[in-house]
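Visitor: My structure is in data07.txt, and what it holds is compact mmCIF, C-alpha atoms:
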```txt
# COMPACT_ATOMS: atom_id res chain seq x y z
CA MET A 235 -88.87 124.17 166.84
CA ALA A 236 -86.33 122.64 169.24
CA THR A 237 -82.73 122.23 168.05
CA ASN A 238 -80.33 119.75 169.64
CA ILE A 239 -76.80 120.77 170.62
CA VAL A 240 -74.58 117.81 169.76
CA VAL A 241 -70.94 116.89 170.25
CA PRO A 242 -69.20 117.69 166.94
CA ALA A 243 -66.59 115.56 165.19
CA LEU A 244 -63.44 115.83 167.31
CA GLY A 245 -60.79 114.72 164.83
CA GLU A 246 -59.16 111.49 163.77
CA SER A 247 -59.05 108.80 166.50
CA VAL A 248 -60.83 111.06 169.03
CA THR A 249 -64.23 109.64 169.96
CA GLU A 250 -65.09 111.23 173.29
CA ALA A 251 -64.55 114.38 175.31
CA THR A 252 -65.24 115.88 178.73
CA VAL A 253 -67.59 118.81 179.23
CA ALA A 254 -65.23 121.39 180.74
CA LYS A 255 -67.77 124.13 181.45
CA TRP A 256 -70.98 125.67 180.19
CA LEU A 257 -70.75 129.30 179.11
CA LYS A 258 -74.53 129.75 179.26
CA ALA A 259 -77.10 128.75 181.86
CA ALA A 260 -80.40 126.99 181.17
CA GLY A 261 -83.11 129.54 180.44
CA GLU A 262 -80.76 132.09 178.87
CA PRO A 263 -81.28 133.40 175.33
CA VAL A 264 -78.56 132.51 172.84
CA LYS A 265 -77.57 133.75 169.39
CA ALA A 266 -76.69 131.55 166.43
CA ASP A 267 -72.96 130.65 166.41
CA GLU A 268 -72.52 131.94 169.97
CA PRO A 269 -70.19 129.83 172.17
CA LEU A 270 -72.27 127.67 174.51
CA LEU A 271 -69.75 125.38 176.24
CA GLU A 272 -66.20 124.09 176.18
CA LEU A 273 -65.23 120.47 175.52
CA GLU A 274 -61.89 119.06 176.59
CA THR A 275 -60.36 116.21 174.58
CA ASP A 276 -57.04 114.48 175.16
CA LYS A 277 -55.49 116.96 172.73
CA VAL A 278 -57.28 120.32 172.81
CA THR A 279 -60.05 122.36 174.42
CA LEU A 280 -62.67 123.46 171.89
CA GLU A 281 -65.85 125.50 171.96
CA VAL A 282 -69.27 124.26 170.87
CA PHE A 283 -71.36 126.92 169.18
CA ALA A 284 -75.11 127.41 169.10
CA PRO A 285 -76.59 125.80 165.96
CA ALA A 286 -79.53 128.24 166.07
CA ALA A 287 -80.85 131.27 167.93
CA GLY A 288 -83.39 130.84 170.70
CA LEU A 289 -83.55 129.91 174.35
CA LEU A 290 -81.21 127.39 175.99
CA SER A 291 -84.15 125.41 177.30
CA GLU A 292 -82.30 122.30 178.45
CA ILE A 293 -78.83 121.27 179.58
CA ARG A 294 -78.57 117.50 179.46
CA VAL A 295 -74.89 116.98 180.32
CA ASP A 296 -73.22 118.72 183.25
CA ALA A 297 -69.61 119.88 183.48
CA GLY A 298 -67.27 116.99 184.25
CA SER A 299 -69.28 114.42 182.30
CA THR A 300 -67.78 112.36 179.49
CA VAL A 301 -69.60 112.43 176.15
CA GLU A 302 -69.18 110.74 172.80
CA VAL A 303 -69.27 112.26 169.32
CA GLY A 304 -72.89 112.86 168.33
CA ALA A 305 -74.25 112.89 171.89
CA VAL A 306 -76.91 115.49 172.69
CA LEU A 307 -75.56 118.10 175.11
CA GLY A 308 -78.63 120.30 175.37
CA VAL A 309 -81.59 121.78 173.55
CA ILE A 310 -82.32 125.22 172.13
CA GLY A 311 -86.02 126.08 172.02
CA ASP A 312 -87.93 128.88 170.30
CA GLY A 313 -89.36 130.36 173.44
CA ALA A 314 -89.78 129.37 177.09
CA ALA A 315 -88.05 126.29 178.46
CA GLN A 316 -89.80 123.05 177.59
CA PRO A 317 -91.69 121.22 180.35
CA GLY A 318 -89.60 118.79 182.33
CA THR A 319 -86.26 120.41 181.44
CA LYS A 320 -83.56 121.83 183.67
CA GLU A 321 -84.19 125.54 184.02
CA ALA A 322 -82.06 128.19 185.64
CA PRO A 323 -82.46 128.16 189.45
CA LYS A 324 -85.33 130.28 190.80
CA ALA A 325 -86.15 131.50 194.27
CA PRO A 326 -88.38 128.88 195.96
CA ALA A 327 -91.96 129.79 196.72
CA LYS A 328 -92.86 130.14 200.38
CA GLU A 329 -95.21 127.16 200.32
CA ALA A 330 -93.15 124.98 197.96
CA GLU A 331 -92.73 121.44 199.19
CA LYS A 332 -89.29 119.92 199.52
CA PRO A 333 -88.90 117.34 196.69
CA ALA A 334 -88.19 113.78 197.66
CA ALA A 335 -84.76 112.37 196.84
CA LYS A 336 -84.64 110.34 193.64
CA PRO A 337 -82.29 107.63 192.51
CA ALA A 338 -79.53 108.87 190.22
CA ALA A 339 -80.97 107.04 187.23
CA ALA A 340 -84.39 108.63 187.63
CA ALA A 341 -83.15 112.12 188.48
CA GLU A 342 -81.36 112.88 185.19
CA PRO A 343 -80.91 111.28 181.77
CA LEU A 344 -77.69 109.34 181.35
CA ALA A 345 -74.90 110.40 179.01
CA PRO A 346 -74.29 107.90 176.17
CA ALA A 347 -70.83 106.95 177.50
CA VAL A 348 -72.31 106.27 180.95
CA ARG A 349 -75.19 104.23 179.53
CA LYS A 350 -72.77 102.17 177.42
CA LEU A 351 -70.57 101.39 180.43
CA LEU A 352 -73.58 100.42 182.55
CA ASP A 353 -74.95 98.15 179.83
CA GLU A 354 -71.58 96.46 179.20
CA ASN A 355 -71.24 95.66 182.89
CA ARG A 356 -74.94 94.88 183.46
CA LEU A 357 -75.26 97.43 186.22
CA ASP A 358 -78.39 99.02 187.62
CA PRO A 359 -77.85 102.81 187.54
CA ALA A 360 -79.65 103.15 190.86
CA ALA A 361 -77.02 100.92 192.51
CA VAL A 362 -74.12 103.22 191.59
CA PRO A 363 -73.49 106.21 193.91
CA ALA A 364 -73.72 109.42 191.86
CA SER A 365 -71.46 112.42 192.48
CA GLY A 366 -72.45 114.67 189.56
CA LYS A 367 -74.44 117.84 189.79
CA ASP A 368 -78.09 117.36 190.79
CA GLY A 369 -77.44 113.67 191.43
CA ARG A 370 -76.25 112.97 187.90
CA LEU A 371 -74.31 109.77 187.32
CA THR A 372 -70.94 110.31 185.64
CA LYS A 373 -68.60 107.91 183.86
CA GLY A 374 -66.12 108.40 186.70
CA ASP A 375 -68.76 107.20 189.19
CA VAL A 376 -69.25 103.97 187.24
CA LEU A 377 -65.51 103.37 186.87
CA ALA A 378 -64.96 103.97 190.58
CA PHE A 379 -67.81 101.56 191.39
CA LEU A 380 -66.25 98.90 189.16
CA GLU A 381 -62.81 99.42 190.69
CA ALA A 382 -64.24 99.05 194.17
CA ARG A 383 -65.77 95.75 193.10
CA GLY A 384 -62.45 94.66 191.58
CA LYS A 385 -63.79 94.02 188.10
CA THR A 386 -63.58 95.44 184.61
CA THR A 387 -65.90 95.55 181.64
CA ILE A 388 -67.72 92.26 181.16
CA ALA A 389 -67.52 90.72 177.70
CA PRO A 390 -70.84 89.85 176.01
CA ALA A 391 -72.15 86.40 176.82
CA ALA A 392 -71.09 83.64 174.39
CA PRO A 393 -73.85 82.23 172.14
CA ALA A 394 -75.50 78.99 173.25
CA SER A 395 -73.87 77.02 170.42
CA ALA A 396 -70.34 78.06 171.38
CA PRO A 397 -68.18 75.32 172.94
CA PRO A 398 -67.46 75.66 176.65
CA ALA A 399 -64.39 77.72 177.39
CA PRO A 400 -61.51 76.00 179.18
CA ALA A 401 -61.28 76.57 182.90
CA PRO A 402 -59.06 79.56 183.63
CA VAL A 403 -55.81 79.11 185.48
CA SER A 404 -56.25 80.09 189.10
CA THR A 405 -54.32 83.26 189.88
CA PRO A 406 -54.51 85.55 192.87
CA SER A 407 -56.99 88.38 192.34
CA PRO A 408 -55.47 91.84 192.67
CA ALA A 409 -56.75 93.95 195.48
CA PRO A 410 -59.34 96.47 194.28
CA ALA A 411 -57.94 99.96 193.79
CA VAL A 412 -59.57 102.04 196.49
CA PRO A 413 -58.56 105.72 196.82
CA ARG A 414 -56.87 106.43 200.11
CA PRO A 415 -58.62 108.86 202.46
CA THR A 416 -57.85 112.52 201.77
CA GLY A 417 -56.06 114.25 204.64
CA PRO A 418 -57.35 117.45 206.28
CA ARG A 419 -54.67 119.55 204.55
CA GLU A 420 -54.97 117.83 201.18
CA GLU A 421 -57.13 118.47 198.14
CA ARG A 422 -58.18 115.75 195.70
CA VAL A 423 -58.76 116.92 192.11
CA ARG A 424 -59.63 114.62 189.22
CA MET A 425 -57.04 114.67 186.43
CA THR A 426 -58.04 116.49 183.27
CA ARG A 427 -58.32 114.53 180.07
CA LEU A 428 -55.28 116.40 178.69
CA ARG A 429 -53.16 115.53 181.75
CA LYS A 430 -54.24 111.87 181.51
CA ARG A 431 -53.27 111.77 177.86
CA ILE A 432 -49.89 113.37 178.55
CA ALA A 433 -49.23 110.74 181.22
CA GLU A 434 -50.26 107.92 178.88
CA ARG A 435 -48.08 109.14 176.02
CA LEU A 436 -45.02 109.67 178.21
CA LYS A 437 -45.37 106.17 179.64
CA GLN A 438 -45.98 104.79 176.16
CA ALA A 439 -42.73 106.35 174.94
CA GLN A 440 -40.78 104.78 177.81
CA ASN A 441 -42.42 101.38 177.40
CA THR A 442 -42.14 101.03 173.62
CA ALA A 443 -38.99 102.89 172.54
CA ALA A 444 -35.38 102.03 173.35
CA MET A 445 -34.87 105.61 174.43
CA LEU A 446 -31.38 107.04 174.83
CA THR A 447 -30.10 110.62 175.20
CA THR A 448 -26.88 112.13 173.95
CA PHE A 449 -25.59 115.56 175.00
CA ASN A 450 -23.44 118.33 173.60
CA GLU A 451 -22.88 122.01 174.26
CA VAL A 452 -23.08 124.89 171.85
CA ASP A 453 -21.35 128.29 171.94
CA MET A 454 -24.10 130.87 171.32
CA THR A 455 -21.68 133.78 170.71
CA ASN A 456 -22.05 134.09 166.95
CA VAL A 457 -25.79 133.51 166.72
CA MET A 458 -26.40 136.03 169.52
CA ALA A 459 -24.21 138.59 167.77
CA LEU A 460 -26.04 138.01 164.48
CA ARG A 461 -29.41 138.33 166.18
CA ASN A 462 -28.46 141.52 168.06
CA HIS A 463 -27.08 143.09 164.89
CA HIS A 464 -30.19 142.46 162.76
CA LYS A 465 -33.09 142.22 165.24
CA ASP A 466 -34.36 145.81 164.85
CA ALA A 467 -34.24 145.80 161.06
CA PHE A 468 -35.72 142.28 160.99
CA GLU A 469 -38.70 143.28 163.15
CA LYS A 470 -39.24 146.50 161.18
CA LYS A 471 -39.35 144.62 157.88
CA HIS A 472 -41.21 141.47 158.88
CA GLY A 473 -43.30 142.58 161.87
CA VAL A 474 -42.03 139.77 164.10
CA LYS A 475 -39.12 139.49 166.51
CA LEU A 476 -36.08 137.43 165.58
CA GLY A 477 -35.72 134.73 168.21
CA PHE A 478 -33.40 131.78 168.67
CA MET A 479 -36.04 129.17 167.84
CA SER A 480 -35.97 129.85 164.09
CA PHE A 481 -32.20 129.26 164.07
CA PHE A 482 -32.65 125.92 165.85
CA VAL A 483 -35.51 124.88 163.55
CA LYS A 484 -33.33 125.61 160.51
CA ALA A 485 -30.30 123.90 162.07
CA CYS A 486 -32.35 120.78 162.84
CA ILE A 487 -33.64 120.63 159.26
CA VAL A 488 -30.04 120.70 157.97
CA ALA A 489 -29.22 117.81 160.32
CA LEU A 490 -32.43 115.89 159.52
CA LYS A 491 -31.63 115.99 155.80
CA GLU A 492 -28.21 114.49 156.53
CA ILE A 493 -29.48 111.91 159.05
CA PRO A 494 -32.96 110.93 157.74
CA ALA A 495 -33.44 108.22 160.38
CA VAL A 496 -34.03 110.93 163.00
CA ASN A 497 -36.97 112.17 160.87
CA ALA A 498 -38.42 108.67 160.44
CA GLU A 499 -40.68 106.41 162.50
CA MET A 500 -41.14 102.69 163.06
CA ASP A 501 -44.36 101.06 161.87
CA GLY A 502 -44.38 97.41 162.84
CA GLU A 503 -41.40 95.85 161.06
CA ASP A 504 -41.06 98.78 158.64
CA ILE A 505 -39.20 102.09 158.83
CA VAL A 506 -41.13 105.02 157.36
CA TYR A 507 -38.77 107.72 156.08
CA LYS A 508 -40.40 111.13 155.71
CA ASN A 509 -39.26 113.47 152.98
CA TYR A 510 -40.92 116.47 154.61
CA TYR A 511 -40.14 118.41 157.77
CA ASP A 512 -43.08 119.17 160.08
CA ILE A 513 -41.40 120.43 163.23
CA GLY A 514 -43.25 120.34 166.54
CA VAL A 515 -42.43 123.14 168.97
CA ALA A 516 -43.38 122.33 172.58
CA VAL A 517 -45.46 124.94 174.44
CA GLY A 518 -45.91 124.73 178.20
CA LEU A 519 -49.38 125.61 179.48
CA GLU A 520 -50.97 125.56 182.91
CA GLN A 521 -52.94 122.47 181.85
CA GLY A 522 -49.85 120.67 180.51
CA LEU A 523 -47.48 120.49 177.56
CA VAL A 524 -48.80 120.69 173.99
CA VAL A 525 -46.78 120.42 170.77
CA PRO A 526 -48.22 122.41 167.84
CA VAL A 527 -46.62 121.68 164.48
CA VAL A 528 -44.92 124.03 162.01
CA ARG A 529 -45.74 122.41 158.64
CA ASP A 530 -43.12 122.21 155.88
CA ALA A 531 -40.68 124.22 157.95
CA ASP A 532 -37.92 123.64 155.40
CA ALA A 533 -39.81 125.80 152.89
CA LEU A 534 -40.31 128.71 155.33
CA THR A 535 -38.11 131.74 155.86
CA PHE A 536 -36.81 132.75 159.28
CA ALA A 537 -39.57 135.37 159.47
CA ALA A 538 -42.28 132.87 158.50
CA ILE A 539 -41.06 130.39 161.12
CA GLU A 540 -41.01 133.06 163.85
CA ALA A 541 -44.48 134.26 162.85
CA LYS A 542 -45.91 130.72 162.82
CA ILE A 543 -44.38 129.82 166.19
CA GLY A 544 -45.76 133.04 167.68
CA GLU A 545 -49.21 132.38 166.27
CA LEU A 546 -49.30 128.77 167.50
CA GLY A 547 -48.09 129.85 170.94
CA ARG A 548 -50.87 132.42 171.26
CA ARG A 549 -53.49 129.95 170.06
CA ALA A 550 -52.20 127.38 172.55
CA ARG A 551 -52.46 129.81 175.48
CA ASP A 552 -55.96 130.82 174.37
CA GLY A 553 -57.04 127.18 174.00
CA LYS A 554 -57.77 127.67 170.29
CA LEU A 555 -55.52 125.02 168.75
CA THR A 556 -57.17 122.50 166.45
CA ILE A 557 -56.54 118.75 166.32
CA GLU A 558 -54.81 119.17 162.96
CA GLU A 559 -52.34 121.66 164.43
CA LEU A 560 -51.27 119.14 167.07
CA THR A 561 -50.82 116.00 164.98
CA GLY A 562 -48.44 114.71 162.33
CA GLY A 563 -45.11 116.21 163.40
CA THR A 564 -41.92 114.46 162.29
CA PHE A 565 -39.50 115.90 164.90
CA THR A 566 -39.90 117.97 168.07
CA ILE A 567 -37.95 120.78 169.73
CA SER A 568 -38.50 121.56 173.42
CA ASN A 569 -36.98 124.62 175.08
CA GLY A 570 -36.70 124.08 178.82
CA GLY A 571 -34.33 127.03 178.98
CA VAL A 572 -37.24 129.47 179.14
CA TYR A 573 -37.93 128.08 182.63
CA GLY A 574 -34.26 128.13 183.67
CA SER A 575 -33.46 124.46 183.02
CA LEU A 576 -29.71 123.92 182.62
CA MET A 577 -29.91 120.28 181.47
CA SER A 578 -32.60 117.64 181.02
CA THR A 579 -33.41 114.46 179.10
CA PRO A 580 -36.52 115.12 176.98
CA ILE A 581 -38.94 112.24 176.40
CA LEU A 582 -39.90 111.22 172.87
CA ASN A 583 -43.18 112.36 171.35
CA PRO A 584 -44.51 109.06 169.82
CA PRO A 585 -44.40 107.98 167.05
CA GLN A 586 -41.49 110.34 166.41
CA SER A 587 -37.98 108.99 166.83
CA GLY A 588 -36.14 112.11 167.98
CA ILE A 589 -36.57 115.22 170.12
CA LEU A 590 -34.11 118.07 170.73
CA GLY A 591 -33.93 119.68 174.14
CA MET A 592 -32.71 123.29 174.36
CA HIS A 593 -31.64 124.76 177.69
CA LYS A 594 -30.65 127.93 179.49
CA ILE A 595 -27.85 130.07 178.04
CA GLN A 596 -25.24 130.17 180.80
CA PRO A 597 -21.96 132.16 180.72
CA ARG A 598 -19.11 129.70 181.36
CA PRO A 599 -15.30 129.83 181.13
CA MET A 600 -14.19 127.99 178.00
CA ALA A 601 -10.78 127.14 176.55
CA ILE A 602 -10.54 129.07 173.25
CA GLY A 603 -7.22 128.22 171.69
CA ASP A 604 -4.65 128.82 174.41
CA LYS A 605 -6.86 131.30 176.29
CA ILE A 606 -9.75 131.08 178.76
CA GLU A 607 -12.78 133.14 177.72
CA VAL A 608 -16.26 133.47 179.17
CA ARG A 609 -18.74 132.38 176.51
CA PRO A 610 -22.56 132.07 176.47
CA MET A 611 -23.02 128.30 176.41
CA MET A 612 -26.09 126.11 176.06
CA TYR A 613 -26.37 122.38 176.69
CA LEU A 614 -28.23 120.47 173.97
CA ALA A 615 -29.85 117.06 174.46
CA LEU A 616 -31.07 114.69 171.77
CA SER A 617 -33.29 111.86 172.95
CA TYR A 618 -33.78 109.20 170.28
CA ASP A 619 -35.16 105.73 169.66
CA HIS A 620 -32.11 103.45 169.61
CA ARG A 621 -34.08 100.76 167.76
CA LEU A 622 -34.05 103.00 164.70
CA ILE A 623 -31.15 105.42 165.23
CA ASP A 624 -27.59 104.30 165.91
CA GLY A 625 -25.37 106.15 168.35
CA ARG A 626 -23.15 107.34 165.49
CA GLU A 627 -26.15 108.89 163.74
CA ALA A 628 -27.44 110.54 166.93
CA VAL A 629 -24.07 112.08 167.76
CA THR A 630 -23.57 113.22 164.16
CA PHE A 631 -27.01 114.84 164.17
CA LEU A 632 -26.30 116.78 167.36
CA VAL A 633 -22.84 117.83 166.18
CA ARG A 634 -24.38 119.14 162.95
CA VAL A 635 -26.91 121.22 164.93
CA LYS A 636 -24.03 122.56 167.05
CA GLU A 637 -22.01 123.50 163.95
CA CYS A 638 -24.96 125.34 162.37
CA ILE A 639 -25.61 127.40 165.51
CA GLU A 640 -21.96 128.22 166.11
CA ASP A 641 -21.54 129.20 162.43
CA PRO A 642 -25.00 130.38 161.24
CA GLN A 643 -23.75 130.83 157.66
CA ARG A 644 -23.93 127.02 157.37
CA ILE A 645 -27.72 127.30 157.59
CA LEU A 646 -27.89 129.77 154.72
CA LEU A 647 -25.57 127.60 152.64
CA ASP A 648 -27.37 124.35 153.67
CA MET A 649 -24.09 122.84 154.91
```
The structure in this file should be written as structure tokens.

Guide:
Amino acid sequence: MATNIVVPALGESVTEATVAKWLKAAGEPVKADEPLLELETDKVTLEVFAPAAGLLSEIRVDAGSTVEVGAVLGVIGDGAAQPGTKEAPKAPAKEAEKPAAKPAAAAEPLAPAVRKLLDENRLDPAAVPASGKDGRLTKGDVLAFLEARGKTTIAPAAPASAPPAPAPVSTPSPAPAVPRPTGPREERVRMTRLRKRIAERLKQAQNTAAMLTTFNEVDMTNVMALRNHHKDAFEKKHGVKLGFMSFFVKACIVALKEIPAVNAEMDGEDIVYKNYYDIGVAVGLEQGLVVPVVRDADALTFAAIEAKIGELGRRARDGKLTIEELTGGTFTISNGGVYGSLMSTPILNPPQSGILGMHKIQPRPMAIGDKIEVRPMMYLALSYDHRLIDGREAVTFLVRVKECIEDPQRILLDM
């Protein structure tokens, strides 16, 4: 009995994904619950597992194609590949005839997202140049075809009884977006879904929020001394290393409790204040930046925070994060110092209203009383939504973080 491999539910508000790569080839045997392929959404990369044991008799959607939730990706059969399916490549027979070229639409079945786009724009699949594997038509091919024609999705035709629409105002038509020719020493690579989403969210933050950044500097002397004094005993007891991030998470929670607007968000004409502290900790990956969330961080110990951050970082690097682990944060911390950044202006992570930027610890001469001493200093940056947070509140928040790091006992005493 044949079993379909379908796109699973991808999480709230996520309706489609891109097939990143197949881990099995057509014609190969598979075991139940064995990883078959990877799907890339705008948030995470996830594996699709075999729903049954058997033979991967058909691959219907190639890598690079866009698919919707519930779409059939392939078929697992009981035995040999079913007639008419895509099998693993075989050596051609000596007398085999060369097959005639087929139109893209006839060569391979269309993915649901591609079929939907074609139907909405009343396009003949055979008229659209296909660039996918084995002549398969991809969603990108259809979009490129539409861009070249200088048009977007066509709305359904109005019913016959509808009154005639008023004549549109004549405006100059924009020139169709045509990719420029690629130079001999250039390489053109299509953006991943994650990179597209990062770009969209960063632009969204700049377009919607009245974003402003305030800076301060913090003397790391005391927190470094505390860490160096207790790090061996801490690791021996808790099994995790004592880093700086847990101190900053705790310091931010102290400041968030005092300035609740930084932990809030705007929803239309309302302000939503959040009486919980889910702190996002940015993790830089080769594919882009992701922000897994430490839930209820105010209720966690230093050891629990360090352990959770370590676990989320490993899962991020292995591509194992879930949608739930990447959504719902109330405030974000980004540490550009691990890459050597001395100062930056972090961009908000919508719909959050604040983000703290940590930076490189740099020895600098500082005036301590009537003396000059070299101290390990770090610049801090708080970017915030000025529509919701006043300058006084933003500065007070950052000063409170500074005070907690320079005198770590404040964190323990919740001061």

Visitor: I need the residue nearest Cys638 of chain A from this list: A:Arg551, A:Cys486, A:Asp267, A:Ala538. Use all atoms listed in the file for the distance.

Guide: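 Counting all atoms listed in the file, the residue closest to Cys638 of chain A is A:Cys486.
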
Visitor: What is the distance, in Å and to one decimal place, between atom CA of Val423 of chain A and atom CA of Leu344 of chain A?

Guide: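 It comes out at 23.1 Å.
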
Visitor: Within 12 Å of Asp501 of chain A, counting all atoms listed in the file, which residues show up once you throw out same-chain ones fewer than 5 positions away? Write them as a VMD selection string, please.

Guide: chain A and resid 442 506 to 507 584 to 587 621 to 622

Visitor: Report as a list in words all protein, DNA and RNA residues lying within 12 Å of Ala537 of chain A, evaluated on only C-alpha atoms, omitting residues in the same chain fewer than 6 positions from it.

Guide: Lys465, Ala467, Phe468, Glu469, Lys470, Lys471, His472, Gly473, Val474, Lys475, Leu476, Gly477, Phe478, Met479, Ser480, Phe481, Val483, Lys484, Ala531, Ile543 and Gly544 of chain A

Visitor: Within 7 Å of (-73.2, 129.3, 166.9) (coordinates as in the file), grab all the protein and nucleic acid residues, counting only C-alpha atoms, and write them out as an MDAnalysis selection string.

Guide: chainID A and resid 265:269 283:286
